[in-house]
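**Student:** Sharing query10.txt here; it has compact mmCIF, C-alpha atoms and all ligand atoms.
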# COMPACT_ATOMS: atom_id res chain seq x y z
CA MET S 136 -15.75 -31.13 116.72
CA LEU S 137 -17.60 -34.41 116.85
CA PHE S 138 -19.28 -36.08 119.76
CA VAL S 139 -20.18 -39.47 118.58
CA ASN S 140 -19.62 -42.24 121.05
CA ARG S 141 -21.71 -42.62 124.20
CA MET S 142 -19.27 -40.74 126.42
CA GLY S 143 -18.94 -38.01 123.86
CA VAL S 144 -22.67 -37.42 123.81
CA ASP S 145 -22.66 -37.00 127.59
CA ILE S 146 -19.92 -34.39 127.37
CA ALA S 147 -21.88 -32.58 124.71
CA LEU S 148 -24.98 -32.54 126.89
CA LYS S 149 -23.04 -31.29 129.89
CA LYS S 150 -21.72 -28.42 127.90
CA ILE S 151 -24.99 -27.15 126.62
CA PHE S 152 -27.23 -27.87 129.58
CA ILE S 153 -28.52 -24.65 131.08
CA ASP S 154 -30.57 -25.04 134.18
CA THR S 155 -33.69 -22.96 134.57
CA SER S 156 -35.64 -25.12 137.02
CA LYS S 157 -34.94 -26.12 140.61
CA ASP S 158 -35.06 -29.94 140.30
CA HIS S 159 -31.50 -30.41 139.18
CA LYS S 160 -30.84 -33.12 141.79
CA ASN S 161 -32.56 -35.79 139.69
CA ASN S 162 -29.69 -36.08 137.31
CA ASP S 163 -26.35 -36.60 139.01
CA ASN S 164 -24.52 -37.09 135.81
CA ALA S 165 -24.97 -33.68 134.26
CA VAL S 166 -23.12 -30.52 135.19
CA PHE S 167 -25.33 -27.49 135.32
CA ILE S 168 -24.53 -23.98 134.35
CA PHE S 169 -26.74 -21.67 136.37
CA GLN S 170 -28.20 -18.77 134.48
CA LYS S 171 -29.25 -16.68 137.46
CA PRO S 172 -30.72 -13.31 136.61
CA VAL S 173 -28.22 -10.66 137.65
CA VAL S 174 -29.68 -8.48 140.39
CA CYS S 175 -28.04 -5.51 142.08
CA SER S 176 -27.33 -6.24 145.76
CA ILE S 177 -28.08 -2.67 146.83
CA CYS S 178 -31.16 -1.48 144.97
CA LYS S 179 -32.41 -4.92 143.78
CA SER S 180 -32.73 -3.63 140.26
CA ASN S 181 -32.18 -6.05 137.42
CA ASN S 182 -31.30 -3.36 134.90
CA VAL S 183 -27.63 -4.03 134.46
CA ILE S 184 -25.10 -2.87 131.92
CA THR S 185 -22.47 -5.24 130.61
CA ASP S 186 -19.30 -3.41 129.72
CA PRO S 187 -17.00 -5.77 127.82
CA GLU S 188 -14.25 -3.15 127.57
CA ALA S 189 -13.84 -2.93 131.33
CA ALA S 190 -15.06 -6.53 131.86
CA GLU S 191 -17.66 -5.36 134.35
CA ILE S 192 -21.35 -5.69 134.99
CA VAL S 193 -22.70 -2.46 136.41
CA CYS S 194 -26.10 -1.57 137.88
CA SER S 195 -27.73 1.04 135.68
CA LYS S 196 -29.59 2.63 138.62
CA CYS S 197 -27.01 3.10 141.34
CA GLY S 198 -23.76 2.40 139.52
CA MET S 199 -22.74 -0.49 141.76
CA VAL S 200 -20.22 -2.82 140.10
CA ILE S 201 -21.94 -6.20 140.42
CA SER S 202 -19.21 -8.29 138.86
CA ASP S 203 -15.80 -7.49 137.53
CA LYS S 204 -15.24 -10.98 136.19
CA ILE S 205 -17.51 -11.39 133.22
CA GLN S 206 -16.87 -14.40 131.16
CA GLU S 207 -15.23 -13.89 127.84
CA THR S 208 -17.44 -15.44 125.19
CA ARG S 209 -15.06 -14.91 122.33
CA GLN S 210 -12.54 -17.47 121.28
CA GLU S 211 -9.52 -17.37 123.55
CA SER S 212 -6.93 -18.51 121.11
CA ARG S 213 -6.68 -19.19 117.47
CA THR S 214 -5.35 -22.53 116.41
CA PHE S 215 -3.68 -23.08 113.13
CA LEU S 216 -3.75 -26.83 113.48
CA THR S 217 -5.65 -28.73 110.86
CA ASN S 218 -6.40 -31.62 113.16
CA GLU S 219 -9.69 -30.78 114.87
CA ALA S 220 -8.97 -33.11 117.77
CA GLU S 221 -6.13 -30.81 118.82
CA ASP S 222 -8.39 -27.77 118.90
CA ARG S 223 -9.04 -27.21 122.60
CA GLY S 224 -10.93 -23.92 122.26
CA ARG S 225 -13.63 -23.48 124.89
CA THR S 226 -15.64 -21.36 122.53
CA GLY S 227 -15.94 -21.20 118.80
CA MET S 228 -15.37 -18.35 116.46
CA PRO S 229 -17.09 -15.10 117.35
CA THR S 230 -20.13 -14.41 115.20
CA SER S 231 -19.60 -11.72 112.65
CA LEU S 232 -21.72 -10.07 109.99
CA ALA S 233 -18.61 -9.97 107.85
CA LEU S 234 -18.75 -13.71 107.28
CA SER S 235 -21.08 -15.05 104.64
CA ASP S 236 -22.72 -17.42 107.13
CA MET S 237 -22.12 -15.05 110.10
CA GLY S 238 -19.77 -17.68 111.51
CA LEU S 239 -22.67 -19.87 112.57
CA SER S 240 -22.28 -22.91 110.37
CA THR S 241 -21.10 -26.25 111.66
CA VAL S 242 -18.07 -27.95 110.31
CA ILE S 243 -18.16 -31.71 110.51
CA ALA S 244 -14.77 -33.28 110.06
CA ARG S 245 -14.22 -35.70 107.21
CA SER S 246 -12.20 -38.15 109.26
CA ASP S 247 -13.99 -41.05 110.99
CA LYS S 248 -12.67 -40.14 114.44
CA ASP S 249 -14.49 -38.71 117.42
CA ALA S 250 -13.55 -35.77 119.62
CA SER S 251 -11.11 -37.84 121.68
CA GLY S 252 -9.43 -39.24 118.62
CA TYR S 253 -10.92 -42.74 118.78
CA GLU S 254 -12.23 -44.56 115.75
CA ILE S 255 -15.98 -44.28 115.34
CA LYS S 256 -17.79 -47.59 115.74
CA PRO S 257 -18.87 -49.17 112.47
CA SER S 258 -22.48 -49.09 113.63
CA MET S 259 -22.31 -45.30 113.81
CA LEU S 260 -20.61 -44.76 110.49
CA SER S 261 -23.74 -44.62 108.38
CA THR S 262 -25.36 -42.15 110.80
CA MET S 263 -22.30 -39.97 110.55
CA HIS S 264 -22.36 -40.19 106.81
CA ARG S 265 -25.97 -39.04 106.77
CA LEU S 266 -25.24 -36.16 109.20
CA ARG S 267 -22.38 -35.01 107.05
CA MET S 268 -24.52 -35.09 103.97
CA TRP S 269 -27.28 -33.01 105.57
CA ASP S 270 -24.78 -30.60 107.03
CA PHE S 271 -23.48 -30.06 103.53
CA ARG S 272 -26.95 -29.67 102.08
CA THR S 273 -28.19 -27.18 104.67
CA GLN S 274 -25.32 -24.82 104.00
CA ALA S 275 -26.58 -22.16 101.65
CA ARG S 276 -24.92 -22.55 98.31
CA THR S 277 -26.89 -19.95 96.42
CA SER S 278 -25.52 -17.15 94.28
CA THR S 279 -26.32 -14.68 97.07
CA HIS S 280 -24.14 -16.71 99.39
CA ARG S 281 -21.31 -16.84 96.88
CA ASN S 282 -21.60 -13.11 96.28
CA LEU S 283 -21.35 -12.39 100.00
CA ARG S 284 -18.38 -14.70 100.36
CA PHE S 285 -16.56 -12.96 97.53
CA ALA S 286 -17.35 -9.52 98.90
CA PHE S 287 -16.31 -10.34 102.45
CA ASN S 288 -13.05 -11.93 101.33
CA GLU S 289 -12.26 -8.65 99.67
CA LEU S 290 -13.41 -6.75 102.73
CA HIS S 291 -10.88 -8.56 104.89
CA THR S 292 -8.10 -7.78 102.43
CA LEU S 293 -9.04 -4.11 102.40
CA LYS S 294 -9.25 -4.12 106.18
CA ASP S 295 -5.56 -4.88 106.41
CA LYS S 296 -4.58 -2.52 103.61
CA LEU S 297 -6.52 0.44 105.00
CA GLY S 298 -5.85 -0.42 108.64
CA LEU S 299 -9.54 -0.35 109.55
CA PRO S 300 -10.89 -1.36 112.98
CA ASP S 301 -13.35 -4.23 113.44
CA THR S 302 -16.27 -1.88 114.03
CA ILE S 303 -15.88 -0.52 110.50
CA ILE S 304 -15.80 -4.03 109.11
CA GLU S 305 -19.02 -5.01 110.89
CA LYS S 306 -20.72 -1.78 109.85
CA THR S 307 -19.59 -2.24 106.24
CA ALA S 308 -20.86 -5.82 106.23
CA TYR S 309 -24.19 -4.58 107.60
CA ILE S 310 -24.53 -1.97 104.86
CA TYR S 311 -23.43 -4.43 102.19
CA ARG S 312 -25.95 -7.04 103.34
CA LYS S 313 -28.67 -4.41 103.19
CA ALA S 314 -27.62 -3.41 99.69
CA GLN S 315 -27.58 -7.06 98.67
CA ALA S 316 -31.07 -7.61 100.10
CA ARG S 317 -32.34 -4.59 98.16
CA ARG S 318 -30.75 -5.98 95.01
CA LEU S 319 -28.54 -2.94 94.58
CA VAL S 320 -25.45 -4.99 93.84
CA ARG S 321 -27.02 -6.49 90.74
CA GLY S 322 -25.42 -5.19 87.57
CA ARG S 323 -22.77 -3.34 89.52
CA SER S 324 -19.28 -4.25 90.51
CA ILE S 325 -19.19 -6.00 93.90
CA SER S 326 -15.95 -4.24 94.74
CA ALA S 327 -17.32 -0.79 93.97
CA VAL S 328 -20.39 -1.31 96.15
CA LEU S 329 -18.22 -2.74 98.91
CA THR S 330 -15.73 0.14 98.90
CA ALA S 331 -18.60 2.62 98.87
CA ALA S 332 -19.96 0.82 101.96
CA ILE S 333 -16.53 1.11 103.60
CA TYR S 334 -16.47 4.83 102.89
CA ILE S 335 -19.95 5.28 104.35
CA SER S 336 -18.97 3.39 107.52
CA CYS S 337 -15.86 5.53 107.89
CA ARG S 338 -17.90 8.69 107.57
CA GLU S 339 -20.57 7.45 109.96
CA LEU S 340 -18.13 6.39 112.65
CA GLY S 341 -15.90 9.41 112.18
CA ILE S 342 -12.81 7.58 110.97
CA GLN S 343 -10.59 9.65 108.75
CA ARG S 344 -10.29 7.96 105.38
CA SER S 345 -10.79 10.07 102.30
CA LEU S 346 -12.49 8.78 99.19
CA ASP S 347 -9.16 9.21 97.37
CA ASP S 348 -7.31 7.05 99.92
CA ILE S 349 -9.86 4.29 99.54
CA ALA S 350 -9.88 4.59 95.75
CA ILE S 351 -6.09 4.34 95.48
CA ILE S 352 -5.75 1.42 97.87
CA SER S 353 -8.68 -0.59 96.53
CA ASN S 354 -7.63 0.13 92.94
CA ILE S 355 -11.15 1.14 91.96
CA LYS S 356 -11.96 4.34 90.11
CA ARG S 357 -12.96 7.17 92.43
CA LYS S 358 -15.83 7.96 90.10
CA SER S 359 -17.43 4.52 90.37
CA ILE S 360 -17.07 4.46 94.17
CA ALA S 361 -18.67 7.91 94.35
CA LYS S 362 -21.51 6.71 92.13
CA CYS S 363 -22.18 3.69 94.36
CA TYR S 364 -21.83 5.89 97.42
CA ARG S 365 -24.60 8.20 96.23
CA LEU S 366 -26.75 5.24 95.27
CA LEU S 367 -26.40 3.59 98.70
CA ILE S 368 -27.05 6.85 100.53
CA TYR S 369 -30.19 7.42 98.49
CA GLU S 370 -31.59 3.89 98.38
CA LEU S 371 -30.81 2.88 101.96
CA ASP S 372 -31.71 6.31 103.32
CA ILE S 373 -28.45 6.76 105.21
CA GLN S 374 -27.77 10.00 107.03
CA ILE S 375 -24.11 10.93 106.86
CA PRO S 376 -23.14 13.17 109.75
CA THR S 377 -21.42 16.33 108.57
CA LEU S 378 -18.10 17.27 110.04
CA ASP S 379 -18.38 19.54 113.05
CA PRO S 380 -16.61 22.81 112.13
CA MET S 381 -15.51 23.26 115.76
CA LYS S 382 -13.75 19.90 115.70
CA CYS S 383 -12.20 20.83 112.36
CA ILE S 384 -10.77 24.00 113.88
CA VAL S 385 -9.08 22.08 116.67
CA LYS S 386 -7.72 19.60 114.15
CA VAL S 387 -6.32 22.26 111.81
CA ALA S 388 -4.91 24.33 114.67
CA ASN S 389 -3.20 21.31 116.19
CA LYS S 390 -1.72 20.24 112.90
CA ALA S 391 -0.39 23.74 112.18
CA VAL S 392 0.97 23.92 115.77
CA LEU S 393 -0.78 27.13 116.78
CA ASN S 394 -0.94 28.50 120.29
CA GLU S 395 -3.99 28.36 122.53
CA LYS S 396 -4.83 32.04 122.09
CA THR S 397 -5.21 31.69 118.32
CA LYS S 398 -7.24 28.52 118.78
CA ARG S 399 -9.68 30.22 121.15
CA HIS S 400 -9.97 33.22 118.88
CA ALA S 401 -10.72 30.91 115.94
CA ILE S 402 -13.49 29.21 117.92
CA ASP S 403 -15.02 32.62 118.71
CA VAL S 404 -14.90 33.60 115.04
CA MET S 405 -16.48 30.28 114.07
CA LYS S 406 -19.33 30.87 116.54
CA ASN S 407 -19.92 34.18 114.82
CA VAL S 408 -19.81 32.53 111.40
CA THR S 409 -22.35 29.88 112.41
CA LYS S 410 -24.61 32.52 113.95
CA LYS S 411 -24.62 34.56 110.75
CA GLU S 412 -25.32 31.40 108.78
CA ILE S 413 -22.43 31.90 106.43
CA SER S 414 -21.38 28.31 106.99
CA ALA S 415 -24.34 26.67 105.24
CA GLY S 416 -23.36 24.46 102.34
CA LYS S 417 -19.64 25.08 102.69
CA ASN S 418 -17.00 22.42 103.15
CA PRO S 419 -16.50 22.48 106.94
CA MET S 420 -12.78 21.77 106.63
CA GLY S 421 -12.28 24.68 104.20
CA LEU S 422 -14.30 26.97 106.41
CA ALA S 423 -12.38 25.94 109.52
CA ALA S 424 -9.06 26.51 107.77
CA THR S 425 -10.12 30.01 106.73
CA VAL S 426 -11.29 30.89 110.22
CA VAL S 427 -7.99 29.63 111.64
CA TYR S 428 -6.13 31.75 109.07
CA ILE S 429 -8.12 34.84 110.04
CA SER S 430 -7.29 34.32 113.73
CA CYS S 431 -3.62 33.89 112.86
CA ILE S 432 -3.66 37.36 111.32
CA LYS S 433 -5.55 38.77 114.32
CA THR S 434 -3.25 37.33 116.96
CA GLY S 435 -0.12 37.99 114.93
CA GLU S 436 0.94 34.38 114.65
CA HIS S 437 2.69 34.04 111.37
CA ARG S 438 1.39 31.30 109.08
CA THR S 439 1.04 31.43 105.31
CA GLN S 440 -2.15 30.44 103.52
CA LYS S 441 -0.27 27.44 102.20
CA ASP S 442 0.68 26.26 105.72
CA ILE S 443 -2.92 26.33 106.89
CA ALA S 444 -4.30 24.81 103.69
CA GLU S 445 -1.83 21.95 103.97
CA ALA S 446 -2.76 21.34 107.60
CA ALA S 447 -6.44 21.16 106.63
CA GLY S 448 -5.85 19.01 103.56
CA ILE S 449 -7.43 21.50 101.16
CA THR S 450 -5.92 23.53 98.31
CA ASP S 451 -4.73 27.09 98.92
CA VAL S 452 -7.09 28.21 96.14
CA THR S 453 -10.06 27.09 98.22
CA LEU S 454 -8.65 28.86 101.24
CA ARG S 455 -8.08 32.09 99.28
CA ASN S 456 -11.63 32.09 97.85
CA ARG S 457 -13.23 31.34 101.18
CA PHE S 458 -11.08 34.02 102.81
CA LYS S 459 -12.25 36.68 100.36
CA ASP S 460 -15.83 35.59 100.96
CA LEU S 461 -15.56 35.69 104.76
CA LYS S 462 -13.69 39.01 104.78
CA ASP S 463 -16.66 40.70 103.12
CA LYS S 464 -19.31 38.97 105.18
CA LEU S 465 -17.67 39.43 108.54
CA GLN S 466 -16.59 42.96 107.65
CA LEU S 467 -13.04 42.44 108.76
CA ASN S 468 -10.58 45.37 108.74
ZN ZN A 1 -28.15 -0.86 142.00
Using structure tokens, write down the structure that the file contains.
**Tutor:**
Amino acid sequence: MLFVNRMGVDIALKKIFIDTSKDHKNNDNAVFIFQKPVVCSICKSNNVITDPEAAEIVCSKCGMVISDKIQETRQESRTFLTNEAEDRGRTGMPTSLALSDMGLSTVIARSDKDASGYEIKPSMLSTMHRLRMWDFRTQARTSTHRNLRFAFNELHTLKDKLGLPDTIIEKTAYIYRKAQARRLVRGRSISAVLTAAIYISCRELGIQRSLDDIAIISNIKRKSIAKCYRLLIYELDIQIPTLDPMKCIVKVANKAVLNEKTKRHAIDVMKNVTKKEISAGKNPMGLAATVVYISCIKTGEHRTQKDIAEAAGITDVTLRNRFKDLKDKLQLN
């Protein structure tokens, strides 16, 4: 949006003026936005927590809710109008790592009209022309920038296809930017590095997407994603949290619709397994499935190996092998 004429400039100043001093009476024209430090009314602490989910500001010491009306800083509505003068958004786009310029660049309209839709005075035209030119020149138009733009376009397509939440997208963009800065993308396919970054984010934030799912949907070979995945893990020193076998048990048991008794028994068996250190280096899902299968036998709930394997998303061969292994080590029957 442009603020060009005299009135426009005033509006622009009003919007951005943030008062930090006390002598605001000197200027009657400007509207001030007070940035008072938020202090708790009970314990006078200024350690506050902003919780955007609940739209509250809470004191971190005593838990007093200081304000339940925090201002939304994200854009309130999206406009699909091409005419900028019609765009009445109070705020701009939210910043995002998943945009090549993080959503921070200015867009100066090409038309010679100001924010209110009036023609710009001829005396201002050359100034505007110069501003536009410098705006264009300051936007990064390097190969790095183009690379990021290409990658993030693809990221947004994959977001919709895989049904990923925004947190994954931001995390992926963060990892991809890091990889780009370390020159890991050079000589590799942008898409492969990007999908590997998506897979890492999913693993880190505990979102269930298998490498196969991602490979099929992104139409990139599983092998090349896996290769990039290992490279990123190694080069960027990323720690991937392993699946918690206890959580896996609950997941398998719920999917196979087992009763509470079997579930509890399985958790007890798993505790035993972890204590004896049989679990080290094993696929936690396979291990959990086996433990669930063992408890099914113990409690007399009838499930075949195939049922349990299907619920855990592993093959029944894996389950059978692990079962043999555990039977010896736990000295069952
Ligand atoms: Zn307090």
**Student:** Per residue of chain S within 7 Å of ligand ZN 1 (chain A), what are the shortest atom pair and its distance in Å to one decimal, counting all atoms listed in the file, with rows by chain and residue number, as a tab-separated table?
**Tutor:**
residue	atom	partner	partner_atom	distance
S:Cys175	CA	A:ZN1	ZN	4.7
S:Ser176	CA	A:ZN1	ZN	6.6
S:Ile177	CA	A:ZN1	ZN	5.2
S:Cys178	CA	A:ZN1	ZN	4.3
S:Lys179	CA	A:ZN1	ZN	6.1
S:Ser180	CA	A:ZN1	ZN	5.6
S:Cys194	CA	A:ZN1	ZN	4.7
S:Ser195	CA	A:ZN1	ZN	6.6
S:Lys196	CA	A:ZN1	ZN	5.1
S:Cys197	CA	A:ZN1	ZN	4.2
S:Gly198	CA	A:ZN1	ZN	6.0
S:Met199	CA	A:ZN1	ZN	5.4
**Student:** Can you pull out every residue within 8 Å of Gln440 in chain S, counting only C-alpha atoms, but drop anything in the same chain fewer than 6 positions away, and send it as a list of chain:residue names?
**Tutor:** S:Tyr428, S:Asp451, S:Leu454, S:Arg455
**Student:** State, in Å with one decimal place, the distance from CA of Cys363 in chain S to CA of Arg323 in chain S.
**Tutor:** 8.6 Å
**Student:** Hey, which of S:Ser326, S:Gln466, S:Asn407, S:Asn394 ends up closest to Asn288 in chain S? Count all atoms listed in the file.
**Tutor:**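 Comparing S:Ser326, S:Gln466, S:Asn407, S:Asn394 against Asn288 in chain S, the winner is S:Ser326.
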**Student:** Do you have the CA of Arg312 in chain S-CA of Asp186 in chain S distance handy?
**Tutor:**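 For CA of Arg312 in chain S relative to CA of Asp186 in chain S, the distance reads 27.4 Å.
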**Student:** Any idea what the distance is between CA of Ile335 in chain S and CA of Thr377 in chain S?
**Tutor:**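 Going from CA of Ile335 in chain S over to CA of Thr377 in chain S, I get 11.9 Å.
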**Student:** Name all residues at most 12 Å from Arg318 in chain S (count only C-alpha atoms; drop same-chain ones fewer than 4 positions away) and give them as a PyMOL selection string.
**Tutor:** chain S and resi 279+282+311-314+322-323+325+328+366-367+370-371
**Student:** Pick the closest to Leu293 in chain S from S:Ser345, S:Thr330, S:Ser231, S:Thr450: which is it, counting only C-alpha atoms?
**Tutor:** S:Thr330
